[in-house]
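Coordinates as given in structure_33.cif (mmCIF, C-alpha atoms):
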```cif
data_entry
loop_
_atom_site.label_atom_id
_atom_site.label_comp_id
_atom_site.auth_asym_id
_atom_site.auth_seq_id
_atom_site.Cartn_x
_atom_site.Cartn_y
_atom_site.Cartn_z
CA MET A 1105 114.79 71.73 101.52
CA ARG A 1106 112.11 74.17 100.38
CA GLU A 1107 109.58 72.68 102.81
CA GLU A 1108 112.09 72.73 105.68
CA ARG A 1109 112.94 76.39 105.09
CA PHE A 1110 109.27 77.31 104.78
CA ASN A 1111 108.45 75.60 108.07
CA GLN A 1112 111.45 77.29 109.70
CA ILE A 1113 110.18 80.69 108.47
CA ASN A 1114 106.71 79.91 109.77
CA ASN A 1115 108.04 78.89 113.18
CA GLU A 1116 110.54 81.72 113.62
CA PHE A 1117 108.93 84.71 111.94
CA SER A 1118 105.17 84.23 111.84
CA LYS A 1119 104.53 86.51 114.85
CA ALA A 1120 106.68 89.32 113.44
CA LEU A 1121 105.17 88.87 109.97
CA LYS A 1122 101.66 89.12 111.43
CA ARG A 1123 102.60 92.34 113.24
CA ILE A 1124 104.04 93.74 109.99
CA CYS A 1125 100.88 92.87 108.03
CA ALA A 1126 98.66 94.32 110.76
CA SER A 1127 100.64 97.56 110.66
CA TYR A 1128 99.90 97.90 106.94
CA GLU A 1129 96.27 96.82 106.98
CA HIS A 1130 93.86 97.47 109.85
CA ASN A 1131 90.90 95.63 108.34
CA GLU A 1132 90.82 92.19 109.96
CA GLN A 1133 89.92 90.23 106.83
CA LYS A 1134 92.28 92.17 104.57
CA SER A 1135 95.21 91.82 106.99
CA LEU A 1136 94.70 88.05 106.99
CA GLU A 1137 94.65 88.10 103.17
CA LEU A 1138 97.83 90.19 103.15
CA TYR A 1139 99.50 87.71 105.51
CA GLN A 1140 98.45 84.81 103.27
CA ASP A 1141 99.81 86.69 100.22
CA VAL A 1142 103.11 87.28 102.01
CA MET A 1143 103.40 83.60 102.94
CA MET A 1144 102.52 82.59 99.38
CA ALA A 1145 105.14 84.99 97.96
CA ILE A 1146 107.73 83.54 100.35
CA TRP A 1147 106.86 80.00 99.26
CA GLN A 1148 107.04 80.97 95.57
CA SER A 1149 110.34 82.85 95.99
CA LEU A 1150 112.07 80.20 98.13
CA PRO A 1151 113.71 78.37 95.18
CA ASN A 1152 115.49 81.68 94.38
CA PHE A 1153 116.81 82.20 97.93
CA LYS A 1154 120.59 82.53 97.93
CA ASP A 1155 122.72 82.87 101.04
CA GLU A 1156 123.70 86.41 99.99
CA SER A 1157 121.52 87.75 102.80
CA THR A 1158 120.27 86.22 106.05
CA LEU A 1159 116.98 84.36 105.93
CA LYS A 1160 115.42 87.02 108.16
CA THR A 1161 116.47 89.91 105.89
CA TRP A 1162 115.15 88.04 102.86
CA VAL A 1163 111.81 87.23 104.55
CA TYR A 1164 111.36 90.82 105.77
CA ARG A 1165 112.13 92.24 102.32
CA ILE A 1166 109.40 90.10 100.76
CA ALA A 1167 106.94 90.94 103.53
CA TYR A 1168 107.52 94.70 103.22
CA ASN A 1169 107.54 94.75 99.43
CA LYS A 1170 104.25 92.84 99.38
CA SER A 1171 102.79 95.16 102.03
CA ILE A 1172 103.86 98.34 100.21
CA THR A 1173 102.31 97.03 96.98
CA HIS A 1174 99.16 96.20 98.96
CA VAL A 1175 98.96 99.75 100.33
CA SER A 1176 99.37 101.27 96.87
CA LYS A 1177 96.67 98.99 95.44
CA GLU A 1178 94.35 99.92 98.29
CA ALA A 1179 95.29 103.60 98.02
CA LYS A 1180 91.77 104.65 97.16
CA SER A 1181 90.19 103.03 100.21
CA ASN A 1182 93.06 103.79 102.61
CA LYS A 1183 93.62 107.50 102.21
CA LEU A 1184 95.93 107.94 105.18
CA GLU A 1185 98.57 110.59 105.01
CA PHE A 1186 100.61 112.01 107.83
CA ASN A 1187 101.21 115.73 107.54
CA SER A 1188 101.66 117.12 111.01
CA LEU A 1189 101.08 116.31 114.62
CA GLU A 1190 97.84 118.23 114.54
CA ASP A 1191 96.50 115.69 112.03
CA LEU A 1192 96.68 112.94 114.59
CA GLU A 1193 93.39 112.09 116.13
CA VAL A 1194 94.17 109.55 118.76
CA SER A 1195 91.48 108.87 121.28
CA VAL A 1196 91.92 106.95 124.50
CA GLU A 1197 89.26 106.22 127.05
CA SER A 1198 91.40 106.76 130.09
CA ASN A 1199 93.68 109.66 130.96
CA GLN A 1200 96.11 107.15 132.36
CA VAL A 1201 98.17 105.92 129.45
CA GLU A 1202 98.37 102.17 129.97
CA ASN A 1203 100.21 99.69 127.78
CA GLN A 1204 97.16 98.90 125.68
CA ASP A 1205 96.45 102.57 125.06
CA GLN A 1206 100.07 103.25 124.24
CA LEU A 1207 100.00 100.45 121.69
CA LYS A 1208 96.88 101.93 120.17
CA VAL A 1209 98.66 105.27 119.86
CA ILE A 1210 101.68 103.67 118.20
CA GLN A 1211 99.47 101.73 115.77
CA GLY A 1212 97.46 104.86 115.02
CA ILE A 1213 100.62 106.80 114.23
CA LEU A 1214 102.02 103.95 112.13
CA MET A 1215 98.90 103.87 109.97
CA LYS A 1216 99.36 107.56 109.21
CA LEU A 1217 102.98 107.24 108.13
CA ASP A 1218 103.92 106.69 104.53
CA PRO A 1219 104.80 103.03 103.77
CA ILE A 1220 108.58 103.51 103.78
CA ASP A 1221 108.63 105.43 107.10
CA ARG A 1222 106.29 102.77 108.49
CA GLU A 1223 108.64 100.02 107.28
CA VAL A 1224 111.63 101.69 108.97
CA PHE A 1225 109.81 102.23 112.26
CA VAL A 1226 108.24 98.77 112.46
CA LEU A 1227 111.69 97.26 111.86
CA TYR A 1228 113.03 99.44 114.66
CA LEU A 1229 110.16 98.26 116.89
CA GLU A 1230 110.99 94.66 115.96
CA GLY A 1231 114.42 95.34 117.46
CA GLU A 1232 116.38 95.25 114.20
CA LYS A 1233 119.80 96.89 114.02
CA GLN A 1234 120.23 99.96 111.81
CA SER A 1235 122.53 98.02 109.45
CA ASP A 1236 119.83 95.35 108.99
CA ILE A 1237 117.12 97.97 108.47
CA SER A 1238 119.36 99.56 105.86
CA SER A 1239 119.82 96.23 104.08
CA ILE A 1240 116.05 95.58 104.06
CA THR A 1241 114.93 99.04 103.03
CA GLY A 1242 117.85 100.15 100.87
CA LEU A 1243 118.02 103.45 102.81
CA SER A 1244 121.24 104.82 104.32
CA GLU A 1245 121.80 104.35 108.05
CA SER A 1246 121.82 108.13 108.63
CA ASN A 1247 118.48 108.44 106.83
CA ILE A 1248 117.08 105.64 109.00
CA SER A 1249 118.37 107.27 112.17
CA THR A 1250 116.69 110.57 111.20
CA LYS A 1251 113.39 108.87 110.42
CA VAL A 1252 113.38 106.84 113.65
CA SER A 1253 114.16 109.81 115.89
CA ARG A 1254 111.53 111.93 114.10
CA ILE A 1255 108.84 109.30 114.67
CA LYS A 1256 109.92 108.70 118.26
CA LYS A 1257 109.57 112.42 118.90
CA ILE A 1258 106.05 112.33 117.50
CA ILE A 1259 105.14 109.37 119.72
CA SER A 1260 106.62 111.00 122.83
CA SER A 1261 104.79 114.26 122.21
CA VAL A 1262 101.48 112.42 121.71
CA PHE A 1263 102.07 110.52 124.97
CA ARG A 1264 102.89 113.80 126.74
CA ARG A 1265 99.81 115.48 125.30
CA MET A 1266 97.67 112.58 126.51
CA ASP A 1267 99.22 112.73 129.97
CA ASN A 1268 98.38 116.43 130.17
CA GLU A 1269 94.74 115.97 129.15
CA MET B 1075 109.87 106.02 127.00
CA ASN B 1076 113.25 104.47 126.17
CA ASP B 1077 114.01 102.21 123.21
CA GLU B 1078 113.89 98.98 125.17
CA LYS B 1079 110.49 99.74 126.70
CA LEU B 1080 109.09 100.75 123.32
CA ILE B 1081 110.36 97.56 121.65
CA ASN B 1082 109.03 95.38 124.49
CA LEU B 1083 105.69 97.10 124.30
CA TRP B 1084 105.50 96.50 120.54
CA LYS B 1085 106.42 92.84 120.84
CA GLN B 1086 103.65 92.32 123.39
CA SER B 1087 101.07 93.39 120.83
CA GLU B 1088 98.70 90.71 119.64
CA THR B 1089 97.29 90.82 116.11
CA THR B 1090 93.88 89.54 115.12
CA ILE B 1091 95.50 87.50 112.35
CA GLY B 1092 95.01 83.82 113.08
CA ASP B 1093 97.28 81.01 112.01
CA VAL B 1094 97.01 79.94 108.41
CA ASP B 1095 97.24 76.40 107.17
CA MET B 1096 100.64 76.11 105.50
CA GLU B 1097 99.52 73.20 103.33
CA ALA B 1098 96.69 75.41 102.04
CA ILE B 1099 99.21 78.16 101.21
CA LYS B 1100 101.31 75.70 99.21
CA LEU B 1101 98.26 74.39 97.37
CA LYS B 1102 97.03 77.93 96.69
CA SER B 1103 100.43 78.79 95.27
CA VAL B 1104 100.47 75.75 92.96
CA LYS B 1105 96.92 76.58 91.83
CA PHE B 1106 97.89 80.21 91.20
CA GLU B 1107 100.92 79.21 89.11
CA LYS B 1108 98.78 76.75 87.11
CA THR B 1109 96.11 79.42 86.50
CA ILE B 1110 98.70 81.87 85.12
CA LYS B 1111 100.29 79.16 82.96
CA TRP B 1112 96.93 78.08 81.52
CA ARG B 1113 95.83 81.70 80.96
CA ASN B 1114 98.99 82.35 78.92
CA LEU B 1115 98.62 79.06 77.04
CA ARG B 1116 94.97 79.86 76.23
CA GLU B 1117 95.95 83.28 74.85
CA TYR B 1118 98.66 81.80 72.61
CA ALA B 1119 96.44 78.88 71.53
CA ALA B 1120 93.64 81.30 70.59
CA ALA B 1121 96.08 83.41 68.55
CA ILE B 1122 97.44 80.32 66.76
CA PHE B 1123 93.89 79.10 66.08
CA VAL B 1124 92.97 82.50 64.56
CA MET B 1125 96.13 82.50 62.45
CA VAL B 1126 95.57 78.98 61.09
CA MET B 1127 91.86 79.62 60.43
CA PHE B 1128 92.36 82.87 58.55
CA ILE B 1129 95.40 81.69 56.59
CA ARG B 1130 93.37 78.66 55.48
CA SER B 1131 90.40 80.83 54.63
CA GLY B 1132 92.66 83.24 52.71
CA LEU B 1133 94.13 80.41 50.67
CA GLU B 1134 90.70 78.97 49.83
CA THR B 1135 88.97 82.17 48.70
CA GLU B 1136 88.91 83.32 45.10
CA SER B 1137 88.41 86.99 45.99
CA THR B 1138 91.68 88.97 46.22
CA VAL B 1139 90.13 91.44 48.72
CA ARG B 1140 89.01 88.60 51.01
CA MET B 1141 92.39 86.92 50.71
CA ILE B 1142 94.25 90.10 51.75
CA ALA B 1143 91.81 90.71 54.65
CA ASN B 1144 92.24 87.11 55.87
CA PHE B 1145 96.03 87.33 55.74
CA GLU B 1146 95.93 90.73 57.46
CA ILE B 1147 93.94 89.23 60.37
CA ALA B 1148 96.38 86.29 60.63
CA LEU B 1149 99.30 88.75 60.71
CA SER B 1150 97.50 90.80 63.40
CA ALA B 1151 97.19 87.69 65.56
CA LEU B 1152 100.96 87.23 65.26
CA VAL B 1153 101.53 90.87 66.31
CA ILE B 1154 99.20 90.37 69.30
CA CYS B 1155 101.18 87.27 70.35
CA PHE B 1156 104.34 89.35 70.24
CA PHE B 1157 102.84 92.09 72.44
CA LEU B 1158 101.37 89.58 74.91
CA TYR B 1159 104.80 87.98 75.25
CA PHE B 1160 106.33 91.35 76.21
CA LYS B 1161 103.40 92.13 78.53
CA GLY B 1162 104.07 88.85 80.34
CA LYS B 1163 107.75 89.75 80.64
CA SER B 1164 107.04 93.19 82.09
CA GLU B 1165 104.76 91.60 84.72
CA LYS B 1166 107.68 89.55 86.06
CA VAL B 1167 110.21 92.40 86.33
CA SER B 1168 109.92 93.28 90.04
CA ASP B 1169 112.07 91.12 92.31
CA LEU B 1170 110.23 90.76 95.62
CA ALA B 1171 113.39 89.85 97.52
CA ALA B 1172 115.19 93.07 96.54
CA ASP B 1173 115.54 95.88 99.07
CA SER B 1174 112.48 98.15 99.19
CA GLN B 1175 114.06 101.03 97.26
CA LYS B 1176 115.15 98.76 94.39
CA TYR B 1177 111.85 96.92 94.45
CA LEU B 1178 109.84 100.15 94.31
CA ARG B 1179 111.87 101.46 91.37
CA ALA B 1180 111.46 98.18 89.46
CA HIS B 1181 107.78 97.94 90.34
CA LYS B 1182 107.10 101.50 89.15
CA GLU B 1183 108.93 100.79 85.89
CA ALA B 1184 106.90 97.61 85.38
CA LEU B 1185 103.68 99.55 86.04
CA LYS B 1186 104.70 102.25 83.54
CA LYS B 1187 105.39 99.58 80.90
CA GLN B 1188 102.01 97.95 81.53
CA ILE B 1189 100.25 101.32 81.35
CA LYS B 1190 101.98 102.08 78.06
CA LEU B 1191 101.05 98.70 76.64
CA LEU B 1192 97.41 98.80 77.81
CA GLY B 1193 97.10 102.46 76.81
CA SER B 1194 97.99 101.61 73.23
CA VAL B 1195 95.75 98.55 72.89
CA ARG B 1196 93.88 100.19 70.01
CA TYR B 1197 97.06 100.25 67.91
CA TRP B 1198 98.43 96.74 68.46
CA TYR B 1199 95.17 94.84 69.11
CA VAL B 1200 91.97 96.52 68.01
CA PHE B 1201 92.82 98.43 64.81
CA PRO B 1202 94.82 95.66 63.09
CA LEU B 1203 92.12 93.04 63.83
CA MET B 1204 89.25 95.44 63.08
CA ALA B 1205 90.68 96.51 59.72
CA GLY B 1206 90.57 92.94 58.38
CA MET B 1207 87.24 92.17 60.05
CA LEU B 1208 85.58 95.29 58.63
CA VAL B 1209 86.86 94.55 55.12
CA LEU B 1210 85.44 91.00 55.41
CA ASN B 1211 82.12 92.32 56.79
CA ILE B 1212 81.73 94.98 54.08
CA GLU B 1213 82.74 92.54 51.37
CA SER B 1214 80.12 90.02 52.58
CA TRP B 1215 77.54 92.82 52.74
CA MET B 1216 78.26 93.91 49.16
CA SER B 1217 78.18 90.39 47.78
CA SER B 1218 75.02 89.30 49.64
CA GLY B 1219 73.19 92.62 49.20
CA ASN B 1220 71.51 92.21 52.61
CA ILE B 1221 71.80 95.66 54.22
CA TYR B 1222 70.54 94.57 57.68
CA VAL B 1223 72.92 91.65 58.10
CA GLY B 1224 75.81 93.63 56.61
CA LEU B 1225 75.24 96.75 58.67
CA GLY B 1226 74.57 94.65 61.79
CA SER B 1227 77.90 92.85 61.54
CA VAL B 1228 79.78 96.13 60.88
CA ILE B 1229 78.16 97.78 63.92
CA PHE B 1230 78.86 94.68 66.05
CA SER B 1231 82.56 94.71 65.06
CA ILE B 1232 82.90 98.42 65.83
CA ALA B 1233 81.09 98.07 69.17
CA LEU B 1234 83.36 95.17 70.11
CA GLY B 1235 86.42 97.25 69.26
CA ILE B 1236 85.17 100.20 71.33
CA GLY B 1237 84.44 97.85 74.24
CA ILE B 1238 87.97 96.41 74.16
CA ILE B 1239 89.48 99.90 73.98
CA TYR B 1240 87.37 101.11 76.92
CA LEU B 1241 88.18 98.12 79.14
CA ASN B 1242 91.92 98.39 78.54
CA GLU B 1243 92.76 102.02 77.77
CA TYR B 1244 90.40 103.61 80.25
CA TYR B 1245 89.39 101.16 82.97
CA GLY B 1246 92.60 99.08 83.04
CA VAL B 1247 94.95 102.05 82.69
CA ARG B 1248 93.06 104.05 85.34
CA LYS B 1249 93.52 101.27 87.92
CA LEU B 1250 97.23 100.91 87.16
CA GLN B 1251 97.68 104.70 87.14
CA GLU B 1252 96.09 104.97 90.60
CA GLU B 1253 98.55 102.39 91.89
CA LEU B 1254 101.47 104.20 90.24
CA ASP B 1255 100.35 107.60 91.57
CA SER B 1256 100.16 106.18 95.06
CA LEU B 1257 103.74 104.85 94.76
CA GLU B 1258 105.05 108.05 93.14
CA SER B 1259 103.73 110.14 96.02
CA LYS B 1260 105.89 108.22 98.53
#
```
In structure tokens, write the structure found in this file.
Amino acid sequence: MREERFNQINNEFSKALKRICASYEHNEQKSLELYQDVMMAIWQSLPNFKDESTLKTWVYRIAYNKSITHVSKEAKSNKLEFNSLEDLEVSVESNQVENQDQLKVIQGILMKLDPIDREVFVLYLEGEKQSDISSITGLSESNISTKVSRIKKIISSVFRRMDNE
Amino acid sequence: MNDEKLINLWKQSETTIGDVDMEAIKLKSVKFEKTIKWRNLREYAAAIFVMVMFIRSGLETESTVRMIANFEIALSALVICFFLYFKGKSEKVSDLAADSQKYLRAHKEALKKQIKLLGSVRYWYVFPLMAGMLVLNIESWMSSGNIYVGLGSVIFSIALGIGIIYLNEYYGVRKLQEELDSLESK
């Protein structure tokens, strides 16, 4: 049963889990280590999984909690704080904002958000419903809605600024 | 850019994280659990060994001072076992499958408990053990009359105590405090 569930998680969620880990750790080697830690934590916690929440909610909770702990442990080497739009230094080679450049912008902004805001926005980007984001983060739906629209505004204004340059 | 476009764009993104061997993850997990189990067992076994050795030594000696010092060290080992048990418990507090807000609260509490425990290592680990050790060292020094050996063992005991205090109360606490500060600022 444990093996079956673990394989199911690996098949269904590995891509999303990798994106989550990459959004919390840019260093290639460290993001792989974080992903391995997340998978190990999932394997270790599986005997305690109860059907109180969906498997996806449960997996995401573990992934985010591990990632947030990782960020706090690496706080000294990853001093990234988002204060204002002016703090963003996003460089793109072309004036034409193509998909790849837009992704770079989004990832750059994500890395500057605090871990909880990052968690909310990555879940939104993963296409999760507000009620599911609330269940994973423990934040109210109105709080989530405020955070998402605030970050979307930031992204839009960076895109606009890049278009104008 | 609307929501759908943004979500599609995100899902197209490729990470540099390669696939990991799931069998290796399972093995790593088993190895990790075994390491923790053996580490705890070693700590308890060492404490029991110290207790048995010093109780035996206390019962065999004819000197009242040495007997009290031996029993004091054995009692200290028991106190250390007690503190290590609670340290182990505080390490397991945070439930990884809880929602992030609950997890963060529990994790911060666990960190505070560990900081408190490590920050007071001199009181529950070093001083109780050192008191008995120093009495034994000084007593041996007085009875043998060899100032170099006596003074050497006293200095060694004190240096060891200072080293343990530094590693736990300064180095260990500083690392945990940095982690806590980072979480508190969120």
Could you list, with a cut-off of 8 Å and counting only C-alpha atoms, the residues of chain B near chain A, each shown with its nearest atom pair and the distance in Å rounded to one decimal, rows sorted by chain and ascending number, as CSV?
```
residue,atom,partner,partner_atom,distance
B:Met1075,CA,A:Ser1260,CA,7.3
B:Leu1080,CA,A:Leu1229,CA,7.0
B:Ile1081,CA,A:Leu1229,CA,4.8
B:Leu1083,CA,A:Asn1203,CA,7.0
B:Trp1084,CA,A:Leu1229,CA,6.2
B:Lys1085,CA,A:Glu1230,CA,6.9
B:Ser1087,CA,A:Leu1207,CA,7.2
B:Glu1088,CA,A:Arg1123,CA,7.7
B:Thr1089,CA,A:Arg1123,CA,6.2
B:Thr1090,CA,A:Glu1132,CA,6.6
B:Ile1091,CA,A:Leu1136,CA,5.4
B:Gly1092,CA,A:Leu1136,CA,7.4
B:Val1094,CA,A:Gln1140,CA,7.2
B:Ile1099,CA,A:Met1144,CA,5.8
B:Lys1100,CA,A:Met1144,CA,7.0
B:Lys1102,CA,A:Met1144,CA,7.7
B:Ser1103,CA,A:Met1144,CA,6.0
B:Leu1170,CA,A:Ile1166,CA,5.2
B:Ala1171,CA,A:Ile1166,CA,5.1
B:Ala1172,CA,A:Arg1165,CA,6.6
B:Asp1173,CA,A:Ile1240,CA,5.0
B:Ser1174,CA,A:Thr1241,CA,4.6
B:Gln1175,CA,A:Gly1242,CA,5.3
B:Lys1176,CA,A:Gly1242,CA,7.2
B:Tyr1177,CA,A:Asn1169,CA,6.9
B:Leu1178,CA,A:Asn1169,CA,7.8
B:Glu1252,CA,A:Ala1179,CA,7.6
B:Glu1253,CA,A:Ser1176,CA,5.2
B:Leu1254,CA,A:Ser1176,CA,7.5
B:Ser1256,CA,A:Ser1176,CA,5.3
B:Leu1257,CA,A:Ser1176,CA,6.0
B:Lys1260,CA,A:Asp1218,CA,6.5
```
Restrict the selected residues to C-alpha atoms and save them as a compact mmCIF listing (two decimals), keeping the file's coordinate frame.
```
# COMPACT_ATOMS: atom_id res chain seq x y z
CA MET B 1075 109.87 106.02 127.00
CA LEU B 1080 109.09 100.75 123.32
CA ILE B 1081 110.36 97.56 121.65
CA LEU B 1083 105.69 97.10 124.30
CA TRP B 1084 105.50 96.50 120.54
CA LYS B 1085 106.42 92.84 120.84
CA SER B 1087 101.07 93.39 120.83
CA GLU B 1088 98.70 90.71 119.64
CA THR B 1089 97.29 90.82 116.11
CA THR B 1090 93.88 89.54 115.12
CA ILE B 1091 95.50 87.50 112.35
CA GLY B 1092 95.01 83.82 113.08
CA VAL B 1094 97.01 79.94 108.41
CA ILE B 1099 99.21 78.16 101.21
CA LYS B 1100 101.31 75.70 99.21
CA LYS B 1102 97.03 77.93 96.69
CA SER B 1103 100.43 78.79 95.27
CA LEU B 1170 110.23 90.76 95.62
CA ALA B 1171 113.39 89.85 97.52
CA ALA B 1172 115.19 93.07 96.54
CA ASP B 1173 115.54 95.88 99.07
CA SER B 1174 112.48 98.15 99.19
CA GLN B 1175 114.06 101.03 97.26
CA LYS B 1176 115.15 98.76 94.39
CA TYR B 1177 111.85 96.92 94.45
CA LEU B 1178 109.84 100.15 94.31
CA GLU B 1252 96.09 104.97 90.60
CA GLU B 1253 98.55 102.39 91.89
CA LEU B 1254 101.47 104.20 90.24
CA SER B 1256 100.16 106.18 95.06
CA LEU B 1257 103.74 104.85 94.76
CA LYS B 1260 105.89 108.22 98.53
```
| note | re CA of Phe1128 (chain B) and CA of Asn1144 (chain B): distance 5.0 Å
| Do you have the CA of Ser1150 (chain B)-CA of Tyr1199 (chain B) distance handy? |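 Computing it gives 7.4 Å between the two atoms.
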| Interatomic distance, CA of Ala1148 (chain B) to CA of Gly1219 (chain B) (Å, one decimal) |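 So the answer is 26.6 Å.
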| Shell around region 1115-1119 of chain B at 12 Å using all atoms listed in the file, local window under 6 positions removed, as a list of chain:residue names |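 Counting all atoms listed in the file, the residues come to B:Lys1108, B:Thr1109, B:Met1125, B:Val1126, B:Ala1151, B:Leu1152, B:Val1153, B:Ile1154, B:Cys1155, B:Phe1156, B:Phe1157, B:Leu1158, B:Tyr1159, B:Gly1162.
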Repaired coordinates for region 1115-1130 of chain A (N, CA, C and O atoms) as a CSV table (one decimal), in the frame of the given file:
```csv
chain,number,residue,atom,x,y,z
A,1115,ASN,N,107.8,79.0,111.7
A,1115,ASN,CA,108.0,78.9,113.2
A,1115,ASN,C,108.7,80.1,113.8
A,1115,ASN,O,108.4,80.6,114.8
A,1116,GLU,N,109.7,80.6,113.0
A,1116,GLU,CA,110.5,81.7,113.6
A,1116,GLU,C,110.0,83.1,113.4
A,1116,GLU,O,110.2,84.0,114.2
A,1117,PHE,N,109.3,83.3,112.3
A,1117,PHE,CA,108.9,84.7,111.9
A,1117,PHE,C,107.4,85.0,111.9
A,1117,PHE,O,107.1,86.1,111.6
A,1118,SER,N,106.6,84.0,112.1
A,1118,SER,CA,105.2,84.2,111.8
A,1118,SER,C,104.6,85.4,112.7
A,1118,SER,O,103.8,86.2,112.2
A,1119,LYS,N,105.1,85.4,114.0
A,1119,LYS,CA,104.5,86.5,114.8
A,1119,LYS,C,104.9,87.9,114.3
A,1119,LYS,O,104.1,88.8,114.2
A,1120,ALA,N,106.2,88.0,114.0
A,1120,ALA,CA,106.7,89.3,113.4
A,1120,ALA,C,106.0,89.7,112.1
A,1120,ALA,O,105.6,90.8,111.9
A,1121,LEU,N,105.8,88.6,111.3
A,1121,LEU,CA,105.2,88.9,110.0
A,1121,LEU,C,103.7,89.3,110.2
A,1121,LEU,O,103.2,90.2,109.4
A,1122,LYS,N,103.0,88.7,111.1
A,1122,LYS,CA,101.7,89.1,111.4
A,1122,LYS,C,101.6,90.6,111.9
A,1122,LYS,O,100.7,91.3,111.5
A,1123,ARG,N,102.6,91.0,112.8
A,1123,ARG,CA,102.6,92.3,113.2
A,1123,ARG,C,102.9,93.3,112.1
A,1123,ARG,O,102.3,94.4,112.0
A,1124,ILE,N,103.7,92.9,111.2
A,1124,ILE,CA,104.0,93.7,110.0
A,1124,ILE,C,102.8,93.9,109.2
A,1124,ILE,O,102.4,95.0,108.8
A,1125,CYS,N,102.1,92.8,108.9
A,1125,CYS,CA,100.9,92.9,108.0
A,1125,CYS,C,99.8,93.7,108.7
A,1125,CYS,O,99.1,94.5,108.1
A,1126,ALA,N,99.7,93.5,110.0
A,1126,ALA,CA,98.7,94.3,110.8
A,1126,ALA,C,99.0,95.8,110.8
A,1126,ALA,O,98.1,96.6,110.8
A,1127,SER,N,100.3,96.1,110.7
A,1127,SER,CA,100.6,97.6,110.7
A,1127,SER,C,100.4,98.2,109.3
A,1127,SER,O,100.4,99.4,109.2
A,1128,TYR,N,100.2,97.4,108.3
A,1128,TYR,CA,99.9,97.9,106.9
A,1128,TYR,C,98.4,97.8,106.6
A,1128,TYR,O,98.0,98.4,105.6
A,1129,GLU,N,97.7,97.0,107.3
A,1129,GLU,CA,96.3,96.8,107.0
A,1129,GLU,C,95.5,96.6,108.3
A,1129,GLU,O,95.7,95.6,109.0
A,1130,HIS,N,94.6,97.6,108.6
A,1130,HIS,CA,93.9,97.5,109.8
A,1130,HIS,C,92.6,96.6,109.7
A,1130,HIS,O,92.2,96.0,110.7
```
